[in-house]
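All remarks here apply to the structure that follows.
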Amino acid sequence: HALHMDARGNIWIGTALNGLYMVPRETSINLEEKWYSSPIAEITIPNDKILSWKHQIDIKNSRTIRSISSSHPDTIWIGSQQGLLYFLVQEQRFERFRFTFPEQGVLNICAFLTLFIDRGNNLWAGCSNDGLAVINLATRDVNYLTASHFAINNLKSNDIRDIIQTRCGLIWIATKFGGLHYFDQRKQKFPRLTTKSNSGINLQDEHALSIAEGHDNQLWIGTKGGGLFELNPNTGEITSFITSTGANHLPDRRIEHILVDENHTIWIGAEYGL
């Protein structure tokens with residue numbers, strides 16, 4: 001369910017029901033040559049090099065790990081199917097983050113689908129159906145945000161799917177059912193993007209699942225059924241890329257993950273392949 005590389009270059013892997021795994025940076029990984037000619041890759045990692053923590057997590061549903069993040073390699077934050085945890089690497093110990101205020105109680109049992117730590121050392125933790133928690137990691141203070149369909153500049157969905165911070169410092173939030181929002185820090189508001197694409201599709205009506213920033217500061221937005229969008233944040237212009245049966249087109253309309261690598265290549269994880 002989740003992959004994360006920490007500051008030391010270790011790769012952390014979140015699984016369904018089997019807890020947390022870590023592949024140390026120095027581990028030799030053998031990639032079969034069929035990777036280059038086939039949509040299926042076989043990765044061989046020596047079992048004695050993989051570290052795993054399955055039974056150390058106390059609640060079974062918490063062993064399904066949906067998201068991972070870290071700002072310091074000795075503390076790994078884990079969004080599970082049932083609550084938020086953190087792993088103290090040096091002590092080899094899991095701790096459950098407790099939301100103590102009554103109105104935040106649902107966060108102790110919700111599924112955290114995305115975690116992101118911003119430049120101010122705040123953890124943005126997005127839930128499935130239960131909104132967004134912003135945690136100051138220095139003080140552990142929590143700001144709990146939920147959707148309002150009546151306020152103009154509030155979140156329009158409690159189903160938070162992806163969060164990024166762009167180079168200019170703006171926080172963008174992809175939501176299922178509510179489209180794409182950005183965080184106006186000065187006004188403490190979450191305006192929603194309402195611009196239509198070149199094909200006439202209104203992005204606010206789309207289920208946004210993933211988002212990434214390109215090398216020219218453009219935003220790439222993956223949706224549940226509308227395919228891929230490119231947003232120019234300076235002009236507001238949106239270009240849509242929809243499915244087609246021809247070559248060089250998207251194979252399907254559900255875009256789960258987007259990654260822009262150091263060579264400016266855009267990697268797209270869709271429902272039916274990469």
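Identifiers in the structure tokens: chain A, B, ... in order shown; residue index from 1 per chain; ligand index from 1 in order shown.
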
Original post:
Counting only C-alpha atoms, what is within 10 Å of region 73-76 of chain A, bar same-chain residues fewer than 4 positions away, as a PyMOL selection string?
Top reply: chain A and resi 4-10+12+68-69+85-92+94

Deliver the residues from the most recent selection as a file, using N, CA and C atoms, as a CSV table (one decimal), in the first residue's frame.
```
chain,number,residue,atom,x,y,z
A,4,HIS,N,8.1,4.6,0.9
A,4,HIS,CA,8.7,5.9,1.4
A,4,HIS,C,10.2,5.7,1.5
A,5,MET,N,11.0,6.7,1.0
A,5,MET,CA,12.4,6.7,1.2
A,5,MET,C,12.8,7.7,2.3
A,6,ASP,N,13.5,7.3,3.3
A,6,ASP,CA,13.9,8.3,4.4
A,6,ASP,C,15.1,9.0,4.0
A,7,ALA,N,15.6,9.9,4.9
A,7,ALA,CA,16.7,10.7,4.6
A,7,ALA,C,18.0,10.0,4.5
A,8,ARG,N,18.1,8.7,5.0
A,8,ARG,CA,19.3,7.9,4.9
A,8,ARG,C,19.2,7.0,3.6
A,9,GLY,N,18.2,7.1,2.9
A,9,GLY,CA,18.0,6.3,1.7
A,9,GLY,C,17.4,4.9,1.9
A,10,ASN,N,17.0,4.6,3.1
A,10,ASN,CA,16.3,3.3,3.3
A,10,ASN,C,14.9,3.4,2.7
A,12,TRP,N,11.1,2.2,3.0
A,12,TRP,CA,10.0,1.6,3.9
A,12,TRP,C,8.8,1.2,3.1
A,68,ILE,N,3.2,6.4,4.6
A,68,ILE,CA,4.4,6.5,5.4
A,68,ILE,C,5.1,7.9,5.1
A,69,SER,N,5.6,8.5,6.1
A,69,SER,CA,6.4,9.8,5.9
A,69,SER,C,7.4,9.9,7.0
A,85,LEU,N,0.2,6.0,13.7
A,85,LEU,CA,1.3,5.5,14.6
A,85,LEU,C,2.6,6.2,14.2
A,86,TYR,N,3.6,6.1,15.1
A,86,TYR,CA,5.0,6.4,14.7
A,86,TYR,C,5.9,5.4,15.2
A,87,PHE,N,7.0,5.1,14.5
A,87,PHE,CA,8.0,4.1,14.8
A,87,PHE,C,9.3,4.7,15.2
A,88,LEU,N,9.7,4.5,16.4
A,88,LEU,CA,11.0,5.0,16.9
A,88,LEU,C,12.1,4.0,16.5
A,89,VAL,N,12.9,4.4,15.5
A,89,VAL,CA,13.8,3.4,14.8
A,89,VAL,C,14.9,2.9,15.8
A,90,GLN,N,15.5,3.9,16.6
A,90,GLN,CA,16.5,3.5,17.5
A,90,GLN,C,16.0,2.5,18.6
A,91,GLU,N,14.8,2.8,19.1
A,91,GLU,CA,14.3,2.0,20.1
A,91,GLU,C,13.5,0.7,19.6
A,92,GLN,N,13.3,0.7,18.3
A,92,GLN,CA,12.5,-0.4,17.7
A,92,GLN,C,11.2,-0.6,18.3
A,94,PHE,N,6.9,0.9,18.4
A,94,PHE,CA,5.8,1.6,17.8
A,94,PHE,C,5.0,2.3,18.9
```

**OP:** Might you pull out every residue within 6 Å of region 124-135 of chain A, with only C-alpha atoms counted and same-chain residues fewer than 2 positions away left off, and present them as number ranges by chain?
**Re:** A: 111-116, 122, 137, 140-146, 158-160

Original post:
What residues in region 68-257 of chain A get the DSSP label strand (DSSP E)? Please answer as a ChimeraX atom specification.
Top reply: /A:68-72,75-80,83-88,93-96,112-117,122-127,132-136,142-145,159-165,171-176,179-183,208-213,219-223,228-231,238-241,255-257

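DSSP annotation of region 52-220 of chain A from backbone atoms: helix (DSSP H, G or I) residues are A:Lys60, A:Asn61, A:Ser62, A:Arg63, A:Pro102, A:Glu103, A:Gln104, A:Gly105, A:Val106, A:Leu107, A:Asn108, A:Leu203, A:Gln204, A:Asp205.
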
Generate the output file for the selected residues, all heavy atoms, as a compact mmCIF listing (two decimals), in the first residue's frame.
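File produced: result.txt:
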```txt
# COMPACT_ATOMS: atom_id res chain seq x y z
N LYS A 60 -4.74 -5.51 14.88
CA LYS A 60 -4.60 -6.16 13.59
C LYS A 60 -4.85 -5.20 12.43
O LYS A 60 -4.09 -5.18 11.46
CB LYS A 60 -5.57 -7.34 13.50
CG LYS A 60 -5.43 -8.15 12.21
CD LYS A 60 -6.35 -9.34 12.20
CE LYS A 60 -6.19 -10.14 10.92
NZ LYS A 60 -7.10 -11.31 10.87
N ASN A 61 -5.91 -4.38 12.51
CA ASN A 61 -6.21 -3.46 11.41
C ASN A 61 -5.11 -2.43 11.20
O ASN A 61 -4.96 -1.88 10.11
CB ASN A 61 -7.54 -2.76 11.66
CG ASN A 61 -8.73 -3.67 11.40
OD1 ASN A 61 -8.59 -4.73 10.80
ND2 ASN A 61 -9.89 -3.27 11.86
N SER A 62 -4.33 -2.17 12.25
CA SER A 62 -3.24 -1.22 12.13
C SER A 62 -2.05 -1.82 11.40
O SER A 62 -1.11 -1.11 11.05
CB SER A 62 -2.80 -0.72 13.51
OG SER A 62 -3.84 0.00 14.14
N ARG A 63 -2.07 -3.12 11.16
CA ARG A 63 -1.00 -3.76 10.39
C ARG A 63 -1.17 -3.55 8.89
O ARG A 63 -0.28 -3.90 8.11
CB ARG A 63 -0.95 -5.26 10.71
CG ARG A 63 -0.60 -5.56 12.16
CD ARG A 63 -0.69 -7.03 12.48
NE ARG A 63 -0.69 -7.25 13.92
CZ ARG A 63 -1.13 -8.35 14.52
NH1 ARG A 63 -1.61 -9.35 13.78
NH2 ARG A 63 -1.10 -8.46 15.83
N PRO A 102 -12.41 15.29 22.33
CA PRO A 102 -13.58 14.50 21.92
C PRO A 102 -13.94 14.64 20.45
O PRO A 102 -14.26 13.64 19.79
CB PRO A 102 -14.70 15.05 22.82
CG PRO A 102 -13.99 15.56 24.03
CD PRO A 102 -12.69 16.11 23.52
N GLU A 103 -13.85 15.85 19.91
CA GLU A 103 -14.21 16.06 18.51
C GLU A 103 -13.20 15.44 17.55
O GLU A 103 -13.48 15.31 16.35
CB GLU A 103 -14.35 17.55 18.20
CG GLU A 103 -13.09 18.36 18.34
CD GLU A 103 -12.87 18.90 19.75
OE1 GLU A 103 -13.48 18.37 20.70
OE2 GLU A 103 -12.08 19.85 19.90
N GLN A 104 -12.03 15.04 18.08
CA GLN A 104 -11.01 14.40 17.26
C GLN A 104 -11.00 12.87 17.43
O GLN A 104 -10.19 12.19 16.81
CB GLN A 104 -9.63 14.94 17.62
CG GLN A 104 -9.47 16.44 17.45
CD GLN A 104 -8.16 16.95 18.01
OE1 GLN A 104 -7.32 16.18 18.49
NE2 GLN A 104 -7.95 18.26 17.97
N GLY A 105 -11.91 12.36 18.23
CA GLY A 105 -11.87 10.94 18.58
C GLY A 105 -11.92 10.00 17.40
O GLY A 105 -11.30 8.93 17.40
N VAL A 106 -12.65 10.38 16.35
CA VAL A 106 -12.77 9.51 15.18
C VAL A 106 -11.42 9.28 14.51
O VAL A 106 -11.20 8.24 13.85
CB VAL A 106 -13.77 10.11 14.17
CG1 VAL A 106 -13.24 11.41 13.57
CG2 VAL A 106 -14.13 9.13 13.08
N LEU A 107 -10.46 10.20 14.71
CA LEU A 107 -9.15 10.06 14.08
C LEU A 107 -8.35 8.89 14.67
O LEU A 107 -7.40 8.41 14.05
CB LEU A 107 -8.36 11.35 14.24
CG LEU A 107 -8.96 12.58 13.55
CD1 LEU A 107 -8.15 13.83 13.89
CD2 LEU A 107 -9.02 12.38 12.04
N ASN A 108 -8.72 8.42 15.84
CA ASN A 108 -8.01 7.29 16.45
C ASN A 108 -8.34 5.96 15.78
O ASN A 108 -7.65 4.97 16.00
CB ASN A 108 -8.34 7.21 17.95
CG ASN A 108 -7.72 8.35 18.73
OD1 ASN A 108 -6.55 8.66 18.57
ND2 ASN A 108 -8.52 9.00 19.58
N LEU A 203 -12.71 20.72 -13.27
CA LEU A 203 -11.91 19.92 -12.34
C LEU A 203 -12.57 19.81 -10.97
O LEU A 203 -12.33 18.85 -10.24
CB LEU A 203 -10.51 20.51 -12.21
CG LEU A 203 -9.44 19.60 -11.59
CD1 LEU A 203 -9.31 18.31 -12.38
CD2 LEU A 203 -8.11 20.31 -11.54
N GLN A 204 -13.41 20.79 -10.60
CA GLN A 204 -14.05 20.71 -9.29
C GLN A 204 -15.04 19.56 -9.21
O GLN A 204 -15.43 19.13 -8.13
CB GLN A 204 -14.75 22.02 -8.96
CG GLN A 204 -16.02 22.30 -9.73
CD GLN A 204 -16.72 23.55 -9.24
OE1 GLN A 204 -16.27 24.20 -8.31
NE2 GLN A 204 -17.83 23.89 -9.87
N ASP A 205 -15.46 19.04 -10.36
CA ASP A 205 -16.40 17.92 -10.38
C ASP A 205 -15.69 16.57 -10.40
O ASP A 205 -16.34 15.52 -10.36
CB ASP A 205 -17.32 18.02 -11.61
CG ASP A 205 -18.17 19.27 -11.59
OD1 ASP A 205 -18.54 19.69 -10.47
OD2 ASP A 205 -18.45 19.83 -12.66
```

**OP:** May I have the residues within 12 Å of Gln188 (chain A) as a VMD selection string, using only C-alpha atoms and disregarding those fewer than 5 positions away in the same chain?
**Re:** chain A and resid 143 145 153 to 155 171 182 to 183

Suppose we keep all heavy atoms; can you now write the selection as an mmCIF file, in the first residue's frame?
```
data_model
loop_
_atom_site.group_PDB
_atom_site.id
_atom_site.type_symbol
_atom_site.label_atom_id
_atom_site.label_comp_id
_atom_site.auth_asym_id
_atom_site.auth_seq_id
_atom_site.Cartn_x
_atom_site.Cartn_y
_atom_site.Cartn_z
ATOM 1 N N ASN A 143 -4.658 20.514 14.614
ATOM 2 C CA ASN A 143 -5.723 21.295 13.994
ATOM 3 C C ASN A 143 -6.537 20.331 13.139
ATOM 4 O O ASN A 143 -6.025 19.788 12.152
ATOM 5 C CB ASN A 143 -5.142 22.423 13.143
ATOM 6 C CG ASN A 143 -6.206 23.361 12.611
ATOM 7 O OD1 ASN A 143 -7.357 23.336 13.068
ATOM 8 N ND2 ASN A 143 -5.837 24.180 11.641
ATOM 9 N N LEU A 145 -9.531 19.495 10.609
ATOM 10 C CA LEU A 145 -10.314 20.191 9.599
ATOM 11 C C LEU A 145 -11.256 19.210 8.910
ATOM 12 O O LEU A 145 -10.835 18.129 8.494
ATOM 13 C CB LEU A 145 -9.381 20.823 8.564
ATOM 14 C CG LEU A 145 -8.303 21.750 9.133
ATOM 15 C CD1 LEU A 145 -7.217 22.000 8.097
ATOM 16 C CD2 LEU A 145 -8.920 23.054 9.587
ATOM 17 N N ASN A 153 -14.772 28.781 1.173
ATOM 18 C CA ASN A 153 -13.342 28.466 1.148
ATOM 19 C C ASN A 153 -12.944 27.342 2.099
ATOM 20 O O ASN A 153 -11.834 27.328 2.614
ATOM 21 C CB ASN A 153 -12.530 29.726 1.451
ATOM 22 C CG ASN A 153 -12.612 30.736 0.328
ATOM 23 O OD1 ASN A 153 -12.559 30.366 -0.840
ATOM 24 N ND2 ASN A 153 -12.772 31.997 0.667
ATOM 25 N N ASN A 154 -13.841 26.405 2.345
ATOM 26 C CA ASN A 154 -13.519 25.240 3.162
ATOM 27 C C ASN A 154 -13.392 23.996 2.296
ATOM 28 O O ASN A 154 -13.791 23.985 1.132
ATOM 29 C CB ASN A 154 -14.599 25.008 4.227
ATOM 30 C CG ASN A 154 -14.472 25.977 5.386
ATOM 31 O OD1 ASN A 154 -13.774 26.973 5.286
ATOM 32 N ND2 ASN A 154 -15.139 25.685 6.480
ATOM 33 N N LEU A 155 -12.820 22.946 2.866
ATOM 34 C CA LEU A 155 -12.756 21.677 2.155
ATOM 35 C C LEU A 155 -14.163 21.229 1.777
ATOM 36 O O LEU A 155 -15.110 21.392 2.547
ATOM 37 C CB LEU A 155 -12.099 20.608 3.035
ATOM 38 C CG LEU A 155 -10.616 20.790 3.365
ATOM 39 C CD1 LEU A 155 -10.180 19.758 4.405
ATOM 40 C CD2 LEU A 155 -9.757 20.676 2.118
ATOM 41 N N ILE A 171 0.492 24.596 -0.345
ATOM 42 C CA ILE A 171 0.013 23.245 -0.064
ATOM 43 C C ILE A 171 -1.181 22.944 -0.965
ATOM 44 O O ILE A 171 -2.147 23.714 -1.020
ATOM 45 C CB ILE A 171 -0.420 23.093 1.411
ATOM 46 C CG1 ILE A 171 0.745 23.398 2.354
ATOM 47 C CG2 ILE A 171 -0.997 21.704 1.674
ATOM 48 C CD1 ILE A 171 1.805 22.335 2.421
ATOM 49 N N TYR A 182 -6.299 24.223 -2.512
ATOM 50 C CA TYR A 182 -4.990 24.691 -2.060
ATOM 51 C C TYR A 182 -5.196 25.442 -0.750
ATOM 52 O O TYR A 182 -6.294 25.902 -0.436
ATOM 53 C CB TYR A 182 -4.305 25.577 -3.107
ATOM 54 C CG TYR A 182 -5.031 26.842 -3.461
ATOM 55 C CD1 TYR A 182 -4.780 28.031 -2.784
ATOM 56 C CD2 TYR A 182 -5.963 26.868 -4.497
ATOM 57 C CE1 TYR A 182 -5.436 29.198 -3.114
ATOM 58 C CE2 TYR A 182 -6.637 28.030 -4.843
ATOM 59 C CZ TYR A 182 -6.374 29.200 -4.150
ATOM 60 O OH TYR A 182 -7.034 30.352 -4.472
ATOM 61 N N PHE A 183 -4.122 25.539 0.025
ATOM 62 C CA PHE A 183 -4.210 26.162 1.342
ATOM 63 C C PHE A 183 -3.693 27.582 1.282
ATOM 64 O O PHE A 183 -2.521 27.814 0.950
ATOM 65 C CB PHE A 183 -3.421 25.349 2.358
ATOM 66 C CG PHE A 183 -3.417 25.935 3.748
ATOM 67 C CD1 PHE A 183 -4.596 26.254 4.392
ATOM 68 C CD2 PHE A 183 -2.218 26.161 4.406
ATOM 69 C CE1 PHE A 183 -4.597 26.803 5.671
ATOM 70 C CE2 PHE A 183 -2.199 26.699 5.682
ATOM 71 C CZ PHE A 183 -3.402 27.027 6.308
#
```

Subject >> Atom-to-atom span, CA of Thr100 (chain A) and CA of Leu123 (chain A), Å >> reply: 16.7 Å

Subject >> For Ile255 (chain A), the nearest of the candidates A:Asp184, A:Glu271, A:Glu230, A:Glu213, counting only C-alpha atoms >> reply: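 Closest candidate: A:Glu271.
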
Original post:
Near Ile50 (chain A), counting only C-alpha atoms, which residues have an atom at most 7 Å away, once you skip same-chain residues fewer than 4 positions from it, shown as number ranges by chain?
Top reply: A: 21-23

Subject >> Selected residue of minimal separation from Lys176 (chain A) among A:Arg254, A:Asn121, A:Trp77, A:Phe190, counting only C-alpha atoms >> reply: A:Arg254

Subject >> Counting only C-alpha atoms, the option among A:Thr175, A:Cys110, A:Ile164, A:Thr139 closest to Leu219 (chain A) >> reply: A:Ile164

**OP:** One decimal, Å: what's the distance from CA of Gly169 (chain A) over to CA of Pro191 (chain A), could you say?
**Re:**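 CA of Gly169 (chain A) sits 15.7 Å away from CA of Pro191 (chain A).
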